[in-house]
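Undergrad: Coordinates in final-v7.tsv, TSV, C-alpha atoms, are listed below.
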chain	number	residue	atom	x	y	z
A	1	MET	CA	25.97	-15.08	0.57
A	2	ILE	CA	24.78	-15.85	-2.94
A	3	ARG	CA	21.22	-17.11	-2.88
A	4	ARG	CA	20.44	-19.79	-5.44
A	5	ARG	CA	16.93	-19.76	-6.75
A	6	SER	CA	15.35	-23.19	-6.39
A	7	SER	CA	13.28	-24.61	-9.23
A	8	ARG	CA	9.54	-24.00	-8.99
A	9	PRO	CA	6.59	-25.79	-10.57
A	10	THR	CA	5.01	-24.09	-13.55
A	11	THR	CA	1.61	-24.26	-15.18
A	12	ILE	CA	2.97	-22.79	-18.39
A	13	ILE	CA	3.80	-26.16	-19.83
A	14	LEU	CA	4.67	-25.55	-23.43
A	15	LEU	CA	5.10	-21.82	-23.98
A	16	ILE	CA	8.67	-20.64	-23.45
A	17	LEU	CA	8.86	-16.94	-22.75
A	18	GLY	CA	11.10	-14.94	-25.12
A	19	MET	CA	14.17	-13.73	-23.30
A	20	MET	CA	13.18	-10.13	-23.90
A	21	ALA	CA	9.43	-10.46	-23.65
A	22	GLY	CA	7.87	-7.11	-23.01
A	23	VAL	CA	11.02	-5.17	-23.77
A	24	LEU	CA	10.72	-6.15	-27.42
A	25	ALA	CA	6.94	-5.86	-27.51
A	26	GLY	CA	5.98	-3.28	-30.06
A	27	CYS	CA	9.53	-3.16	-31.40
A	28	SER	CA	10.67	-4.63	-34.68
A	29	SER	CA	12.46	-7.96	-34.28
A	30	SER	CA	15.60	-9.15	-35.99
A	31	ASP	CA	15.49	-11.99	-38.48
A	32	GLY	CA	19.01	-12.90	-37.43
A	33	THR	CA	22.24	-12.39	-39.27
A	34	SER	CA	23.70	-15.13	-41.40
A	35	GLY	CA	27.25	-15.92	-40.44
A	36	SER	CA	28.09	-17.22	-43.89
A	37	ASP	CA	26.47	-18.67	-46.97
A	38	GLN	CA	28.35	-21.88	-46.32
A	39	ALA	CA	26.92	-22.17	-42.83
A	40	ALA	CA	23.41	-21.60	-44.16
A	41	GLY	CA	23.98	-24.41	-46.62
A	42	GLY	CA	25.01	-26.88	-43.97
A	43	SER	CA	28.68	-27.06	-44.97
A	44	GLY	CA	29.98	-24.66	-42.37
A	45	THR	CA	32.74	-25.46	-39.92
A	46	ASP	CA	31.91	-27.95	-37.18
A	47	THR	CA	31.46	-26.80	-33.62
A	48	THR	CA	34.92	-26.02	-32.31
A	49	ALA	CA	36.16	-26.75	-28.82
A	50	ASP	CA	39.43	-26.66	-26.94
A	51	PRO	CA	40.81	-29.97	-25.63
A	52	GLY	CA	39.22	-31.40	-22.53
A	53	VAL	CA	36.13	-33.25	-23.70
A	54	ASP	CA	35.60	-36.40	-21.66
A	55	ALA	CA	34.76	-38.94	-24.35
A	56	SER	CA	34.22	-41.60	-21.69
A	57	ALA	CA	31.15	-39.67	-20.48
A	58	PHE	CA	29.19	-40.81	-23.53
A	59	PRO	CA	26.54	-41.93	-24.03
A	60	VAL	CA	24.87	-39.44	-21.66
A	61	THR	CA	21.18	-38.78	-21.08
A	62	ILE	CA	19.78	-35.39	-20.04
A	63	ASP	CA	16.28	-35.39	-18.54
A	64	HIS	CA	14.09	-32.39	-19.36
A	65	MET	CA	10.48	-31.25	-19.10
A	66	LEU	CA	9.46	-32.88	-22.37
A	67	GLY	CA	11.32	-36.15	-21.97
A	68	GLU	CA	14.99	-36.93	-22.32
A	69	ALA	CA	17.87	-36.44	-24.74
A	70	THR	CA	20.53	-39.10	-25.21
A	71	ILE	CA	23.82	-37.99	-26.73
A	72	THR	CA	25.82	-40.99	-27.87
A	73	GLU	CA	29.14	-39.29	-28.67
A	74	PRO	CA	30.80	-35.89	-28.29
A	75	PRO	CA	28.72	-33.48	-30.39
A	76	GLN	CA	30.47	-31.65	-33.22
A	77	ARG	CA	27.68	-29.46	-34.62
A	78	ILE	CA	25.76	-27.81	-31.79
A	79	VAL	CA	22.87	-25.40	-32.31
A	80	ALA	CA	22.06	-23.12	-29.35
A	81	LEU	CA	18.56	-21.64	-29.46
A	82	GLY	CA	18.81	-19.49	-26.32
A	83	THR	CA	21.26	-17.01	-24.85
A	84	LEU	CA	22.04	-19.01	-21.72
A	85	GLU	CA	22.96	-22.18	-23.56
A	86	GLN	CA	25.08	-20.33	-26.13
A	87	ASP	CA	26.91	-18.37	-23.42
A	88	ILE	CA	27.64	-21.57	-21.54
A	89	LEU	CA	29.17	-23.06	-24.70
A	90	LEU	CA	31.27	-19.96	-25.35
A	91	ALA	CA	32.42	-19.82	-21.73
A	92	LEU	CA	33.50	-23.46	-21.99
A	93	GLY	CA	35.50	-22.79	-25.16
A	94	VAL	CA	32.93	-24.23	-27.56
A	95	THR	CA	31.66	-22.36	-30.62
A	96	PRO	CA	28.23	-23.49	-31.86
A	97	VAL	CA	27.36	-23.74	-35.54
A	98	ALA	CA	24.30	-21.58	-34.84
A	99	MET	CA	23.18	-19.29	-32.04
A	100	VAL	CA	20.75	-16.45	-31.45
A	101	ALA	CA	21.62	-12.93	-32.53
A	102	ASN	CA	21.59	-9.69	-30.59
A	103	PRO	CA	19.23	-7.46	-32.61
A	104	ASP	CA	21.01	-4.34	-31.36
A	105	ASP	CA	24.43	-5.27	-32.75
A	106	PRO	CA	25.29	-5.33	-36.48
A	107	ASP	CA	27.17	-8.61	-36.01
A	108	GLY	CA	24.50	-10.05	-33.73
A	109	VAL	CA	26.92	-10.31	-30.80
A	110	PHE	CA	26.08	-9.47	-27.20
A	111	PRO	CA	28.52	-7.13	-25.40
A	112	TRP	CA	29.60	-9.84	-22.96
A	113	ALA	CA	30.68	-12.29	-25.65
A	114	PRO	CA	34.37	-13.26	-25.71
A	115	ASP	CA	36.47	-10.68	-27.56
A	116	ASP	CA	37.94	-13.33	-29.84
A	117	LEU	CA	34.58	-14.73	-30.96
A	118	ASP	CA	34.51	-15.10	-34.76
A	119	VAL	CA	30.93	-15.12	-36.04
A	120	SER	CA	31.85	-15.36	-39.71
A	121	GLU	CA	30.91	-19.03	-39.88
A	122	ILE	CA	28.15	-19.07	-37.25
A	123	GLU	CA	24.53	-19.03	-38.39
A	124	MET	CA	22.91	-16.20	-36.44
A	125	LEU	CA	19.26	-16.89	-35.64
A	126	PRO	CA	16.45	-14.60	-34.42
A	127	MET	CA	15.86	-14.67	-30.67
A	128	ASP	CA	12.26	-15.77	-31.10
A	129	THR	CA	12.74	-19.05	-32.90
A	130	THR	CA	9.86	-19.65	-35.27
A	131	ALA	CA	8.94	-22.13	-37.98
A	132	SER	CA	10.90	-20.06	-40.50
A	133	SER	CA	14.11	-20.93	-38.66
A	134	ILE	CA	13.58	-24.67	-38.83
A	135	GLU	CA	14.76	-25.08	-42.41
A	136	ARG	CA	17.86	-23.02	-41.67
A	137	ILE	CA	18.65	-25.19	-38.67
A	138	ALA	CA	18.00	-28.44	-40.54
A	139	ALA	CA	20.42	-27.36	-43.27
A	140	LEU	CA	23.18	-27.10	-40.67
A	141	LYS	CA	22.93	-30.84	-39.96
A	142	PRO	CA	23.24	-30.43	-36.19
A	143	ASP	CA	24.03	-33.35	-33.90
A	144	LEU	CA	22.78	-31.57	-30.75
A	145	ILE	CA	20.18	-28.83	-30.24
A	146	LEU	CA	20.17	-26.91	-26.96
A	147	ALA	CA	16.85	-25.18	-26.26
A	148	THR	CA	16.87	-24.74	-22.49
A	149	THR	CA	15.94	-21.04	-22.61
A	150	ALA	CA	14.79	-20.74	-26.20
A	151	SER	CA	11.56	-19.14	-27.38
A	152	ALA	CA	9.52	-21.95	-28.89
A	153	ASP	CA	6.38	-24.02	-28.48
A	154	VAL	CA	5.64	-27.72	-28.48
A	155	SER	CA	4.89	-27.90	-32.19
A	156	LEU	CA	8.38	-26.59	-32.97
A	157	TYR	CA	9.88	-29.01	-30.46
A	158	GLU	CA	8.16	-31.90	-32.23
A	159	ARG	CA	9.52	-30.71	-35.58
A	160	TYR	CA	13.04	-30.52	-34.18
A	161	LYS	CA	12.62	-34.08	-32.90
A	162	ASP	CA	11.84	-35.10	-36.46
A	163	PHE	CA	15.46	-34.30	-37.30
A	164	GLY	CA	16.44	-37.36	-35.29
A	165	VAL	CA	18.80	-35.13	-33.31
A	166	PRO	CA	18.98	-34.96	-29.48
A	167	ILE	CA	17.30	-31.78	-28.24
A	168	VAL	CA	17.55	-30.53	-24.65
A	169	ALA	CA	14.43	-28.57	-23.65
A	170	PRO	CA	14.00	-26.66	-20.34
A	171	LEU	CA	14.84	-28.98	-17.47
A	172	THR	CA	11.77	-28.37	-15.30
A	173	GLY	CA	9.81	-25.52	-16.92
A	174	PRO	CA	10.02	-22.48	-19.21
A	175	LEU	CA	12.60	-20.00	-17.90
A	176	ASN	CA	12.27	-21.83	-14.60
A	177	ASP	CA	15.67	-23.42	-14.12
A	178	PRO	CA	18.52	-21.70	-12.27
A	179	TRP	CA	21.38	-20.81	-14.60
A	180	GLN	CA	23.60	-23.01	-12.44
A	181	ASP	CA	21.54	-26.12	-13.18
A	182	ILE	CA	21.45	-25.46	-16.91
A	183	THR	CA	25.19	-24.81	-16.96
A	184	VAL	CA	25.89	-28.20	-15.44
A	185	ALA	CA	23.38	-29.93	-17.74
A	186	VAL	CA	24.94	-28.37	-20.85
A	187	GLY	CA	28.38	-29.30	-19.58
A	188	ARG	CA	27.26	-32.91	-19.20
A	189	ALA	CA	25.72	-32.93	-22.68
A	190	ILE	CA	29.00	-31.90	-24.30
A	191	GLY	CA	31.35	-33.96	-22.11
A	192	ARG	CA	32.61	-31.05	-20.03
A	193	GLU	CA	30.73	-31.42	-16.75
A	194	ASP	CA	33.77	-30.78	-14.54
A	195	ALA	CA	34.53	-27.57	-16.42
A	196	ALA	CA	30.89	-26.53	-16.10
A	197	LEU	CA	30.94	-27.09	-12.35
A	198	GLU	CA	34.09	-24.98	-12.14
A	199	LEU	CA	32.44	-22.26	-14.23
A	200	VAL	CA	29.48	-22.14	-11.81
A	201	ALA	CA	31.81	-21.97	-8.81
A	202	GLU	CA	33.91	-19.19	-10.36
A	203	THR	CA	30.85	-17.14	-11.30
A	204	GLU	CA	29.31	-17.48	-7.85
A	205	ALA	CA	32.64	-16.56	-6.24
A	206	ALA	CA	32.80	-13.42	-8.40
A	207	MET	CA	29.29	-12.51	-7.27
A	208	GLU	CA	30.31	-13.00	-3.65
A	209	ARG	CA	33.24	-10.62	-4.16
A	210	TYR	CA	30.93	-8.10	-5.83
A	211	VAL	CA	28.55	-8.12	-2.85
A	212	ALA	CA	31.47	-7.72	-0.44
A	213	GLU	CA	32.85	-4.78	-2.44
A	214	LEU	CA	29.50	-2.99	-2.37
A	215	GLY	CA	29.12	-3.52	1.36
A	216	GLY	CA	25.52	-3.22	2.51
A	217	VAL	CA	23.60	-4.24	-0.60
A	218	GLU	CA	22.16	-7.36	1.04
A	219	GLY	CA	18.67	-6.66	2.34
A	220	LEU	CA	18.13	-3.59	0.18
A	221	SER	CA	14.96	-3.54	-1.91
A	222	PHE	CA	14.75	-3.16	-5.67
A	223	ALA	CA	12.10	-2.42	-8.28
A	224	VAL	CA	12.44	-3.56	-11.89
A	225	ALA	CA	10.00	-1.92	-14.28
A	226	LEU	CA	9.21	-1.72	-17.97
A	227	ALA	CA	7.64	1.45	-19.39
A	228	SER	CA	5.37	-0.65	-21.55
A	229	ASP	CA	3.13	2.06	-23.00
A	230	ALA	CA	2.21	5.72	-22.58
A	231	THR	CA	-0.22	5.06	-19.73
A	232	GLN	CA	1.26	2.32	-17.57
A	233	SER	CA	4.36	0.36	-16.60
A	234	ARG	CA	4.88	-3.29	-15.79
A	235	VAL	CA	6.61	-3.80	-12.45
A	236	VAL	CA	8.14	-6.95	-11.01
A	237	ASN	CA	6.44	-7.72	-7.70
A	238	LYS	CA	7.48	-11.32	-7.04
A	239	SER	CA	10.97	-12.74	-6.64
A	240	ILE	CA	10.02	-15.61	-8.98
A	241	ASP	CA	9.99	-13.26	-11.96
A	242	THR	CA	12.94	-13.95	-14.21
A	243	SER	CA	14.09	-10.32	-14.18
A	244	ALA	CA	14.35	-10.45	-10.37
A	245	ARG	CA	16.58	-13.49	-10.07
A	246	LEU	CA	19.97	-11.75	-10.32
A	247	PHE	CA	19.02	-9.14	-7.70
A	248	VAL	CA	17.75	-11.89	-5.40
A	249	GLU	CA	21.00	-13.83	-5.85
A	250	ILE	CA	23.03	-10.89	-4.52
A	251	GLY	CA	20.77	-10.63	-1.48
A	252	MET	CA	18.26	-7.95	-2.49
A	253	VAL	CA	14.51	-8.20	-1.94
A	254	VAL	CA	11.28	-7.12	-3.61
A	255	PRO	CA	9.65	-4.30	-1.58
A	256	ALA	CA	7.11	-5.78	0.83
A	257	GLY	CA	4.36	-3.47	-0.38
A	258	LEU	CA	4.80	-4.56	-3.98
A	259	GLU	CA	5.08	-8.23	-3.10
A	260	ALA	CA	1.82	-8.09	-1.17
A	261	LEU	CA	-0.08	-7.10	-4.34
A	262	SER	CA	-1.70	-9.77	-6.45
A	263	SER	CA	-0.08	-10.31	-9.83
A	264	GLY	CA	-3.41	-11.26	-11.38
A	265	THR	CA	-2.91	-12.86	-14.77
A	266	GLN	CA	0.78	-11.90	-14.85
A	267	VAL	CA	3.48	-14.22	-13.54
A	268	GLY	CA	5.45	-12.24	-10.98
A	269	ALA	CA	4.58	-8.76	-12.28
A	270	ILE	CA	1.80	-6.16	-12.18
A	271	ASP	CA	0.75	-3.27	-14.39
A	272	ILE	CA	0.53	0.10	-12.68
A	273	SER	CA	-0.63	3.44	-14.04
A	274	HIS	CA	1.52	6.54	-13.87
A	275	GLU	CA	-0.74	7.76	-11.07
A	276	GLU	CA	0.28	4.70	-9.05
A	277	MET	CA	4.02	5.32	-9.21
A	278	GLY	CA	4.00	5.86	-5.48
A	279	LEU	CA	3.97	2.07	-5.18
A	280	LEU	CA	7.70	2.19	-5.98
A	281	GLY	CA	8.36	4.42	-2.98
A	282	GLU	CA	9.67	1.56	-0.82
A	283	ALA	CA	12.36	0.58	-3.32
A	284	ASP	CA	15.95	1.48	-2.43
A	285	ALA	CA	16.92	1.16	-6.11
A	286	ILE	CA	14.83	1.36	-9.28
A	287	PHE	CA	15.71	-0.07	-12.70
A	288	MET	CA	13.61	0.67	-15.76
A	289	ALA	CA	13.59	-0.57	-19.34
A	290	SER	CA	11.36	0.90	-22.03
A	291	VAL	CA	9.34	0.10	-25.10
A	292	GLY	CA	10.03	2.97	-27.47
A	293	ASP	CA	10.00	6.38	-25.80
A	294	ASN	CA	7.54	5.47	-23.06
A	295	ARG	CA	10.19	5.86	-20.36
A	296	ASP	CA	10.36	9.57	-21.17
A	297	VAL	CA	6.71	9.85	-20.15
A	298	VAL	CA	7.42	8.12	-16.85
A	299	GLU	CA	10.46	10.25	-16.08
A	300	SER	CA	8.51	13.45	-16.72
A	301	ASN	CA	5.95	12.42	-14.11
A	302	PRO	CA	6.48	14.51	-10.92
A	303	LEU	CA	5.34	11.57	-8.82
A	304	PHE	CA	8.11	9.42	-10.25
A	305	ALA	CA	10.69	12.17	-9.83
A	306	SER	CA	9.76	12.44	-6.15
A	307	LEU	CA	10.46	8.78	-5.36
A	308	PRO	CA	13.27	8.39	-2.77
A	309	ALA	CA	15.37	6.14	-5.00
A	310	VAL	CA	15.16	8.63	-7.87
A	311	ARG	CA	16.03	11.55	-5.61
A	312	ASN	CA	19.01	9.60	-4.21
A	313	GLY	CA	20.35	8.84	-7.68
A	314	ALA	CA	19.63	5.12	-7.24
A	315	TYR	CA	17.69	4.95	-10.48
A	316	LEU	CA	18.97	3.35	-13.68
A	317	PRO	CA	17.24	3.55	-17.06
A	318	TYR	CA	18.71	0.57	-18.85
A	319	ASP	CA	18.88	-0.64	-22.45
A	320	ARG	CA	17.70	-3.82	-24.15
A	321	GLU	CA	21.04	-5.55	-23.77
A	322	VAL	CA	21.02	-5.13	-20.00
A	323	ALA	CA	17.37	-6.22	-20.09
A	324	ALA	CA	18.41	-9.40	-21.87
A	325	GLY	CA	21.13	-10.08	-19.31
A	326	LEU	CA	18.73	-9.52	-16.43
A	327	ARG	CA	16.01	-11.68	-17.87
A	328	VAL	CA	18.30	-14.62	-18.61
A	329	PRO	CA	21.45	-14.42	-16.46
A	330	THR	CA	24.39	-16.38	-17.84
A	331	PRO	CA	27.97	-16.97	-16.69
A	332	LEU	CA	29.08	-14.41	-19.29
A	333	SER	CA	26.31	-11.82	-18.89
A	334	ILE	CA	26.30	-11.73	-15.08
A	335	PRO	CA	29.65	-9.89	-14.71
A	336	TYR	CA	28.64	-7.44	-17.46
A	337	VAL	CA	25.23	-6.66	-15.96
A	338	LEU	CA	26.58	-6.35	-12.43
A	339	GLU	CA	29.05	-3.71	-13.60
A	340	GLN	CA	26.28	-1.81	-15.39
A	341	ILE	CA	24.17	-1.64	-12.24
A	342	ARG	CA	27.07	-1.07	-9.81
A	343	PRO	CA	26.87	2.76	-9.68
A	344	THR	CA	23.14	2.59	-8.97
A	345	LEU	CA	23.63	0.06	-6.19
A	346	GLU	CA	26.44	2.16	-4.73
A	347	LYS	CA	24.03	5.10	-4.53
A	348	ALA	CA	21.42	2.88	-2.90
A	349	VAL	CA	23.91	1.67	-0.30
A	350	ALA	CA	25.12	5.22	0.38
A	351	SER	CA	21.55	6.44	0.90
A	352	GLN	CA	21.19	4.05	3.83
A	353	GLN	CA	24.26	5.34	5.66
Using the file provided, produce a representation of the structure as structure tokens.
TA:
Amino acid sequence: MIRRRSSRPTTIILLILGMMAGVLAGCSSSDGTSGSDQAAGGSGTDTTADPGVDASAFPVTIDHMLGEATITEPPQRIVALGTLEQDILLALGVTPVAMVANPDDPDGVFPWAPDDLDVSEIEMLPMDTTASSIERIAALKPDLILATTASADVSLYERYKDFGVPIVAPLTGPLNDPWQDITVAVGRAIGREDAALELVAETEAAMERYVAELGGVEGLSFAVALASDATQSRVVNKSIDTSARLFVEIGMVVPAGLEALSSGTQVGAIDISHEEMGLLGEADAIFMASVGDNRDVVESNPLFASLPAVRNGAYLPYDREVAAGLRVPTPLSIPYVLEQIRPTLEKAVASQQ
């Protein structure tokens, strides 16, 4: 059974975590790739969509953590400032005039994007939206800005409001809302709520089939870690952490020993030294991202090599694209990420038999 993560209160009111926070720390960031000079000048092609927009749904108001956004008519020039909102648009057959770029792809496209996506007239923005992006976005003359999982702060939100354009911020808190809820909200904002509901149902059904195919993954424990520097790694120890949500949805759990540890100043994660790698010993499967070459240091540690999951082959060193998909699951990224982690989960299931 797919477990939906319920919304939780947050004390981080105005800081929206970057979708690859930690993974990109210490790494150079992309400035984004311009889709075309015309797009940058505001004369690019309008947002395109296939038929099916319910014009009678307008005006529509979307409540969010910073207020509300009222969209009076079907939007034609949509800017998506986060990967979830842009993937929802693409999955619903809508191409935004601007979206965030994948820094690891020359065209700025994530590997789960539709094969027929043409980015030639899309303004590609950096993932961490900053003040420098505001002028570029203003020049596009958007009529709707989606920022439900974007990296921004309140001062940028206020500047976007100055455009006089509806902007949809996180619904309840930064990176706090289930992808299902945001999918439906975006669908409502663009007049395609029924299609959005169908998209959620189809994605959840695919996840159910995936769990059934694996057979035995429910109840297994997982550890998600980031080799953050040469001396320590950051490890998820609470199911509320954003990088845990996809594993939790397919029925997996955080090891009890890890969950019992205080996260301190972190939200859902702890920093452990290489000498403390034994804390991962309860995990049936281990997944590790890396800043630079720090993962090599971890993997050369005999204590890490002796962990049951590593010995059983249920260990996956994953790249920044998988990290992005884990941190912000979307209807498009979920199938991609699940296939990337399938062999590791198969090994974890086999080790229990």
Undergrad: By how many Å are atom CA of A:Val291 and atom CA of A:Gln86 apart?
TA: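 Result for atom CA of A:Val291 versus atom CA of A:Gln86: 25.8 Å, one decimal.
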Undergrad: What's the separation between atom CA of A:Glu198 and atom CA of A:Gly93, in Å to one decimal place?
TA: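 These atoms are spaced 13.3 Å apart.
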Undergrad: So that I can see what lies close to stretch 54-63 of chain A, please list as a list of chain:residue names the residues with an atom at most 9 Å from it, counting only C-alpha atoms and leaving out residues fewer than 4 positions away in the same chain.
TA: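 Near stretch 54-63 of chain A, the qualifying residues are A:Gly67, A:Glu68, A:Ala69, A:Thr70, A:Ile71, A:Thr72, A:Glu73, A:Pro74, A:Val168, A:Ala169, A:Leu171, A:Thr172, A:Ala185, A:Val186, A:Arg188, A:Ala189, A:Ile190, A:Gly191, A:Arg192, A:Glu193.
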Undergrad: Identify which of the residues A:Asp105, A:Pro308, A:Gly52, A:Met207 lies closest to A:Asp194, counting all atoms listed in the file when measuring atom-to-atom distances.
TA: A:Gly52
Undergrad: Quick one: of A:Asp162, A:Glu208, A:Asp181, A:Gly173, who's nearest to A:Ala196, counting all atoms listed in the file?
TA: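 Selected residue with least distance to A:Ala196: A:Asp181.
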Undergrad: Give the answer as one residue: which of A:Gln76, A:Asn237, A:Thr203, A:Thr148 has the shortest atom-to-atom distance to A:Gln266, using all atoms listed in the file?
TA: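 For A:Gln266, the nearest of the given residues is A:Asn237.
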Undergrad: Determine, counting only C-alpha atoms, which protein, DNA and RNA residues have an atom within 7 Å of an atom of A:Ala314; residues of the same chain fewer than 2 positions away are not included. Present the result as a PyMOL selection string.
TA: chain A and resi 285-286+309-310+312+316+344-345+347-348
Undergrad: Quick one: of A:Pro317, A:Pro343, A:Gly281, A:Gly219, who's nearest to A:Val298, counting all atoms listed in the file?
TA: A:Pro317
